[in-house]
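In what follows, a single structure is set out as structure tokens and then discussed.
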Amino acid sequence: MAKCIVLRSSTPYSEQHEPLLREVLDEEPSLFAVVGAKSQSWEDAMDWLCADMRMDDARNDRFCKTTSHTQESFEEVVAFVEQWCELRGLSKEIRVMEI
């Protein structure tokens with residue numbers, strides 16, 4: 001499974017996307033990076049979902065680092081994620097999702 005995930009989004013987050021974010025968390029990524037004009041809404045949603053899951057079940061330690069990139073190109077974000085993986089000794093296997 002990829003330890004870093006890049007979501008290329010052309011639409012803002014909405015509650016209908018929560019199952020998708022839960023699937024991402026099931027992969028236990030080290031980094032969830034979102035690129036696109038509405039990327040901040042996705043980053044905020046993931047942060048809140050992690051916080052909500054921790055409040056609902058104290059034994060649940062779901063967490064991943066999140067970043068949003070509204071002004072960067074897809075290629076720049078992938079390069080950033082590759083460097084993230086390298087600095088942490090992770091494989092550069094990056095899962096790219098589009099929505």
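Naming works like this for the structure tokens: A, B, ... for the chains as they're shown, residue 1 at the start of each chain, ligands 1 onward in shown order.
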Open item on the list: Could you go through stretch 55-97 of chain A and tell me which residues DSSP, when run on the backbone, assigns to helix (DSSP H, G or I), listing them as a PyMOL selection string?
Closed with: chain A and resi 55-56+74-87
Can those selected residues be exported to a file as a PDB file, in the first residue's frame so that it contains N, CA, C and O atoms?
ATOM      1  N   MET A  55     -12.060  11.229  18.950  1.00  0.00           N
ATOM      2  CA  MET A  55     -13.013  11.552  20.013  1.00  0.00           C
ATOM      3  C   MET A  55     -14.029  10.429  20.191  1.00  0.00           C
ATOM      4  O   MET A  55     -14.444  10.127  21.293  1.00  0.00           O
ATOM      5  N   ASP A  56     -14.431   9.808  19.072  1.00  0.00           N
ATOM      6  CA  ASP A  56     -15.423   8.732  19.126  1.00  0.00           C
ATOM      7  C   ASP A  56     -14.876   7.474  19.772  1.00  0.00           C
ATOM      8  O   ASP A  56     -15.606   6.721  20.405  1.00  0.00           O
ATOM      9  N   PHE A  74       0.493  20.106 -10.214  1.00  0.00           N
ATOM     10  CA  PHE A  74       0.455  18.700  -9.846  1.00  0.00           C
ATOM     11  C   PHE A  74       1.880  18.142  -9.782  1.00  0.00           C
ATOM     12  O   PHE A  74       2.244  17.430  -8.850  1.00  0.00           O
ATOM     13  N   GLU A  75       2.700  18.482 -10.751  1.00  0.00           N
ATOM     14  CA  GLU A  75       4.075  17.988 -10.809  1.00  0.00           C
ATOM     15  C   GLU A  75       4.882  18.461  -9.602  1.00  0.00           C
ATOM     16  O   GLU A  75       5.690  17.708  -9.051  1.00  0.00           O
ATOM     17  N   GLU A  76       4.685  19.710  -9.184  1.00  0.00           N
ATOM     18  CA  GLU A  76       5.390  20.224  -8.005  1.00  0.00           C
ATOM     19  C   GLU A  76       4.978  19.471  -6.745  1.00  0.00           C
ATOM     20  O   GLU A  76       5.812  19.177  -5.888  1.00  0.00           O
ATOM     21  N   VAL A  77       3.705  19.152  -6.640  1.00  0.00           N
ATOM     22  CA  VAL A  77       3.214  18.436  -5.457  1.00  0.00           C
ATOM     23  C   VAL A  77       3.753  17.011  -5.435  1.00  0.00           C
ATOM     24  O   VAL A  77       4.192  16.522  -4.392  1.00  0.00           O
ATOM     25  N   VAL A  78       3.776  16.356  -6.568  1.00  0.00           N
ATOM     26  CA  VAL A  78       4.340  15.005  -6.624  1.00  0.00           C
ATOM     27  C   VAL A  78       5.816  15.039  -6.236  1.00  0.00           C
ATOM     28  O   VAL A  78       6.284  14.182  -5.473  1.00  0.00           O
ATOM     29  N   ALA A  79       6.564  16.027  -6.700  1.00  0.00           N
ATOM     30  CA  ALA A  79       7.980  16.164  -6.328  1.00  0.00           C
ATOM     31  C   ALA A  79       8.115  16.372  -4.823  1.00  0.00           C
ATOM     32  O   ALA A  79       9.001  15.788  -4.185  1.00  0.00           O
ATOM     33  N   PHE A  80       7.237  17.194  -4.235  1.00  0.00           N
ATOM     34  CA  PHE A  80       7.239  17.410  -2.791  1.00  0.00           C
ATOM     35  C   PHE A  80       6.987  16.100  -2.043  1.00  0.00           C
ATOM     36  O   PHE A  80       7.677  15.769  -1.081  1.00  0.00           O
ATOM     37  N   VAL A  81       6.004  15.344  -2.509  1.00  0.00           N
ATOM     38  CA  VAL A  81       5.649  14.081  -1.857  1.00  0.00           C
ATOM     39  C   VAL A  81       6.786  13.070  -1.998  1.00  0.00           C
ATOM     40  O   VAL A  81       7.103  12.344  -1.045  1.00  0.00           O
ATOM     41  N   GLU A  82       7.424  13.024  -3.143  1.00  0.00           N
ATOM     42  CA  GLU A  82       8.575  12.132  -3.316  1.00  0.00           C
ATOM     43  C   GLU A  82       9.685  12.482  -2.341  1.00  0.00           C
ATOM     44  O   GLU A  82      10.306  11.603  -1.746  1.00  0.00           O
ATOM     45  N   GLN A  83       9.923  13.775  -2.159  1.00  0.00           N
ATOM     46  CA  GLN A  83      10.953  14.199  -1.208  1.00  0.00           C
ATOM     47  C   GLN A  83      10.541  13.834   0.215  1.00  0.00           C
ATOM     48  O   GLN A  83      11.367  13.408   1.020  1.00  0.00           O
ATOM     49  N   TRP A  84       9.259  13.988   0.545  1.00  0.00           N
ATOM     50  CA  TRP A  84       8.740  13.596   1.862  1.00  0.00           C
ATOM     51  C   TRP A  84       9.070  12.123   2.127  1.00  0.00           C
ATOM     52  O   TRP A  84       9.575  11.767   3.178  1.00  0.00           O
ATOM     53  N   CYS A  85       8.759  11.289   1.138  1.00  0.00           N
ATOM     54  CA  CYS A  85       9.003   9.848   1.272  1.00  0.00           C
ATOM     55  C   CYS A  85      10.490   9.566   1.464  1.00  0.00           C
ATOM     56  O   CYS A  85      10.878   8.784   2.339  1.00  0.00           O
ATOM     57  N   GLU A  86      11.314  10.205   0.650  1.00  0.00           N
ATOM     58  CA  GLU A  86      12.761   9.991   0.727  1.00  0.00           C
ATOM     59  C   GLU A  86      13.310  10.386   2.098  1.00  0.00           C
ATOM     60  O   GLU A  86      14.086   9.641   2.703  1.00  0.00           O
ATOM     61  N   LEU A  87      12.907  11.525   2.596  1.00  0.00           N
ATOM     62  CA  LEU A  87      13.409  12.001   3.889  1.00  0.00           C
ATOM     63  C   LEU A  87      12.978  11.103   5.052  1.00  0.00           C
ATOM     64  O   LEU A  87      13.644  11.061   6.083  1.00  0.00           O
TER      65      LEU A  87
END
A:Glu27 environment, 10 Å, only C-alpha atoms, sequence neighbours closer than 2 positions dropped, as an mmCIF file with C-alpha atoms, in the first residue's frame:
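Here's the written file part-v2.cif:
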data_model
loop_
_atom_site.group_PDB
_atom_site.id
_atom_site.type_symbol
_atom_site.label_atom_id
_atom_site.label_comp_id
_atom_site.auth_asym_id
_atom_site.auth_seq_id
_atom_site.Cartn_x
_atom_site.Cartn_y
_atom_site.Cartn_z
ATOM 1 C CA MET A 1 0.000 0.000 0.000
ATOM 2 C CA ALA A 2 1.164 3.499 -0.757
ATOM 3 C CA LYS A 3 2.372 5.449 2.232
ATOM 4 C CA CYS A 4 1.787 8.769 0.514
ATOM 5 C CA ILE A 5 -1.363 9.806 -1.291
ATOM 6 C CA ARG A 22 -12.222 6.944 5.472
ATOM 7 C CA GLU A 23 -10.867 4.613 2.775
ATOM 8 C CA VAL A 24 -7.743 6.763 2.563
ATOM 9 C CA LEU A 25 -7.289 6.509 6.340
ATOM 10 C CA PRO A 29 -0.769 6.972 4.863
ATOM 11 C CA SER A 30 2.132 8.992 6.168
#
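With atom CA of A:Met97 on one side and atom CA of A:Leu7 on the other, the separation reads 4.7 Å.
Taking atom CA of A:Glu93 and atom CA of A:Thr70 as endpoints, the distance between them is 22.9 Å.
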Open item on the list: as number ranges by chain, please: every residue in chain A that a backbone DSSP assignment puts in strand (DSSP E or B).
Closed with: A: 4-8, 31-35, 65-69, 94-98
Generate the output file for the selected residues, N, CA and C atoms, as a tab-separated table (two decimals), in the first residue's frame.
chain	number	residue	atom	x	y	z
A	4	CYS	N	2.08	7.37	0.80
A	4	CYS	CA	1.79	8.77	0.51
A	4	CYS	C	0.73	8.82	-0.58
A	5	ILE	N	-0.24	9.70	-0.36
A	5	ILE	CA	-1.36	9.81	-1.29
A	5	ILE	C	-1.49	11.25	-1.75
A	6	VAL	N	-1.66	11.42	-3.06
A	6	VAL	CA	-1.90	12.74	-3.64
A	6	VAL	C	-3.31	12.71	-4.23
A	7	LEU	N	-4.14	13.63	-3.79
A	7	LEU	CA	-5.48	13.78	-4.34
A	7	LEU	C	-5.49	15.01	-5.23
A	8	ARG	N	-5.83	14.80	-6.48
A	8	ARG	CA	-5.96	15.91	-7.43
A	8	ARG	C	-7.44	16.22	-7.52
A	31	LEU	N	1.36	10.61	4.54
A	31	LEU	CA	1.05	11.95	4.04
A	31	LEU	C	-0.15	11.89	3.10
A	32	PHE	N	-1.07	12.83	3.28
A	32	PHE	CA	-2.21	13.01	2.38
A	32	PHE	C	-2.10	14.43	1.84
A	33	ALA	N	-1.70	14.55	0.59
A	33	ALA	CA	-1.50	15.86	-0.04
A	33	ALA	C	-2.60	16.08	-1.07
A	34	VAL	N	-3.16	17.28	-1.06
A	34	VAL	CA	-4.24	17.60	-2.01
A	34	VAL	C	-3.78	18.78	-2.86
A	35	VAL	N	-3.99	18.65	-4.16
A	35	VAL	CA	-3.63	19.70	-5.09
A	35	VAL	C	-4.87	20.10	-5.88
A	65	LYS	N	-0.44	13.12	8.27
A	65	LYS	CA	-0.08	14.50	7.98
A	65	LYS	C	-0.81	14.92	6.71
A	66	THR	N	-1.37	16.11	6.72
A	66	THR	CA	-2.10	16.62	5.56
A	66	THR	C	-1.49	17.92	5.06
A	67	THR	N	-1.53	18.09	3.75
A	67	THR	CA	-1.10	19.35	3.15
A	67	THR	C	-2.04	19.68	2.01
A	68	SER	N	-2.22	20.97	1.76
A	68	SER	CA	-3.01	21.40	0.61
A	68	SER	C	-2.16	22.35	-0.23
A	69	HIS	N	-2.36	22.27	-1.52
A	69	HIS	CA	-1.52	23.01	-2.45
A	69	HIS	C	-2.40	23.66	-3.51
A	94	ILE	N	3.67	6.24	-4.62
A	94	ILE	CA	2.69	7.29	-4.33
A	94	ILE	C	1.39	6.93	-5.04
A	95	ARG	N	0.32	6.95	-4.30
A	95	ARG	CA	-0.99	6.71	-4.91
A	95	ARG	C	-1.59	8.06	-5.31
A	96	VAL	N	-1.98	8.18	-6.57
A	96	VAL	CA	-2.59	9.40	-7.07
A	96	VAL	C	-4.08	9.11	-7.27
A	97	MET	N	-4.90	9.99	-6.71
A	97	MET	CA	-6.35	9.89	-6.84
A	97	MET	C	-6.84	11.16	-7.52
A	98	GLU	N	-7.92	11.04	-8.27
A	98	GLU	CA	-8.51	12.23	-8.90
A	98	GLU	C	-10.00	12.27	-8.62
Task: Separation of atom CA of A:Cys64 from atom CA of A:Glu43, in Å and rounded to one decimal - done: 10.6 Å
Open item on the list: What's around A:His17 at 10 Å? Count only C-alpha atoms, leave out sequence neighbours fewer than 4 positions away in its own chain, and write the answer as a ChimeraX atom specification.
Closed with: /A:12-13,21-22,42,45,99
Output file for the residues above (all heavy atoms, as a PDB file, in the first residue's frame):
ATOM      1  N   PRO A  12     -14.754  20.979  -4.509  1.00  0.00           N
ATOM      2  CA  PRO A  12     -14.563  21.105  -3.065  1.00  0.00           C
ATOM      3  C   PRO A  12     -15.085  19.866  -2.336  1.00  0.00           C
ATOM      4  O   PRO A  12     -15.922  19.122  -2.854  1.00  0.00           O
ATOM      5  CB  PRO A  12     -15.385  22.339  -2.688  1.00  0.00           C
ATOM      6  CG  PRO A  12     -16.389  22.482  -3.772  1.00  0.00           C
ATOM      7  CD  PRO A  12     -15.774  21.913  -5.009  1.00  0.00           C
ATOM      8  N   TYR A  13     -14.586  19.660  -1.154  1.00  0.00           N
ATOM      9  CA  TYR A  13     -15.049  18.559  -0.319  1.00  0.00           C
ATOM     10  C   TYR A  13     -16.514  18.791   0.062  1.00  0.00           C
ATOM     11  O   TYR A  13     -16.942  19.920   0.293  1.00  0.00           O
ATOM     12  CB  TYR A  13     -14.211  18.479   0.965  1.00  0.00           C
ATOM     13  CG  TYR A  13     -14.736  17.446   1.923  1.00  0.00           C
ATOM     14  CD1 TYR A  13     -14.427  16.106   1.766  1.00  0.00           C
ATOM     15  CD2 TYR A  13     -15.583  17.807   2.968  1.00  0.00           C
ATOM     16  CE1 TYR A  13     -14.935  15.146   2.629  1.00  0.00           C
ATOM     17  CE2 TYR A  13     -16.095  16.855   3.837  1.00  0.00           C
ATOM     18  CZ  TYR A  13     -15.769  15.530   3.662  1.00  0.00           C
ATOM     19  OH  TYR A  13     -16.278  14.585   4.512  1.00  0.00           O
ATOM     20  N   LEU A  21     -12.586   9.548   2.209  1.00  0.00           N
ATOM     21  CA  LEU A  21     -11.540   9.892   3.171  1.00  0.00           C
ATOM     22  C   LEU A  21     -11.316   8.767   4.175  1.00  0.00           C
ATOM     23  O   LEU A  21     -10.183   8.499   4.572  1.00  0.00           O
ATOM     24  CB  LEU A  21     -11.883  11.197   3.900  1.00  0.00           C
ATOM     25  CG  LEU A  21     -11.836  12.470   3.064  1.00  0.00           C
ATOM     26  CD1 LEU A  21     -12.065  13.689   3.956  1.00  0.00           C
ATOM     27  CD2 LEU A  21     -10.519  12.600   2.320  1.00  0.00           C
ATOM     28  N   ARG A  22     -12.372   8.089   4.567  1.00  0.00           N
ATOM     29  CA  ARG A  22     -12.222   6.944   5.472  1.00  0.00           C
ATOM     30  C   ARG A  22     -11.426   5.823   4.805  1.00  0.00           C
ATOM     31  O   ARG A  22     -10.606   5.169   5.452  1.00  0.00           O
ATOM     32  CB  ARG A  22     -13.578   6.447   5.945  1.00  0.00           C
ATOM     33  CG  ARG A  22     -14.214   7.394   6.950  1.00  0.00           C
ATOM     34  CD  ARG A  22     -15.562   6.864   7.448  1.00  0.00           C
ATOM     35  NE  ARG A  22     -16.143   7.762   8.409  1.00  0.00           N
ATOM     36  CZ  ARG A  22     -15.904   7.711   9.720  1.00  0.00           C
ATOM     37  NH1 ARG A  22     -15.103   6.805  10.223  1.00  0.00           N
ATOM     38  NH2 ARG A  22     -16.487   8.575  10.536  1.00  0.00           N
ATOM     39  N   TRP A  42     -10.485  19.930   1.390  1.00  0.00           N
ATOM     40  CA  TRP A  42     -10.175  18.512   1.572  1.00  0.00           C
ATOM     41  C   TRP A  42      -9.231  18.303   2.748  1.00  0.00           C
ATOM     42  O   TRP A  42      -9.411  17.384   3.553  1.00  0.00           O
ATOM     43  CB  TRP A  42      -9.552  17.945   0.300  1.00  0.00           C
ATOM     44  CG  TRP A  42     -10.557  17.731  -0.775  1.00  0.00           C
ATOM     45  CD1 TRP A  42     -10.918  18.623  -1.741  1.00  0.00           C
ATOM     46  CD2 TRP A  42     -11.339  16.566  -0.982  1.00  0.00           C
ATOM     47  NE1 TRP A  42     -11.883  18.072  -2.544  1.00  0.00           N
ATOM     48  CE2 TRP A  42     -12.161  16.807  -2.107  1.00  0.00           C
ATOM     49  CE3 TRP A  42     -11.434  15.336  -0.334  1.00  0.00           C
ATOM     50  CZ2 TRP A  42     -13.050  15.859  -2.599  1.00  0.00           C
ATOM     51  CZ3 TRP A  42     -12.320  14.391  -0.820  1.00  0.00           C
ATOM     52  CH2 TRP A  42     -13.114  14.659  -1.937  1.00  0.00           C
ATOM     53  N   ALA A  45     -11.177  18.801   5.932  1.00  0.00           N
ATOM     54  CA  ALA A  45     -12.079  17.673   6.177  1.00  0.00           C
ATOM     55  C   ALA A  45     -11.321  16.471   6.735  1.00  0.00           C
ATOM     56  O   ALA A  45     -11.793  15.812   7.670  1.00  0.00           O
ATOM     57  CB  ALA A  45     -12.809  17.295   4.892  1.00  0.00           C
ATOM     58  N   ILE A  99     -10.481  13.451  -8.343  1.00  0.00           N
ATOM     59  CA  ILE A  99     -11.916  13.631  -8.118  1.00  0.00           C
ATOM     60  C   ILE A  99     -12.346  14.982  -8.662  1.00  0.00           C
ATOM     61  O   ILE A  99     -11.611  15.927  -8.671  1.00  0.00           O
ATOM     62  CB  ILE A  99     -12.288  13.478  -6.625  1.00  0.00           C
ATOM     63  CG1 ILE A  99     -13.769  13.366  -6.489  1.00  0.00           C
ATOM     64  CG2 ILE A  99     -11.712  14.564  -5.798  1.00  0.00           C
ATOM     65  CD1 ILE A  99     -14.234  12.767  -5.200  1.00  0.00           C
TER      66      ILE A  99
END
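The nearest approach to A:Gln71 among the residues A:Trp48, A:Asp26, A:Glu15, A:Gln40, with only C-alpha atoms taken into account, belongs to A:Gln40.
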Open item on the list: With distances taken over only C-alpha atoms, which residue among A:Arg88, A:Ala51, A:Ser73, A:Met46 lies nearest A:Pro19?
Closed with: A:Met46
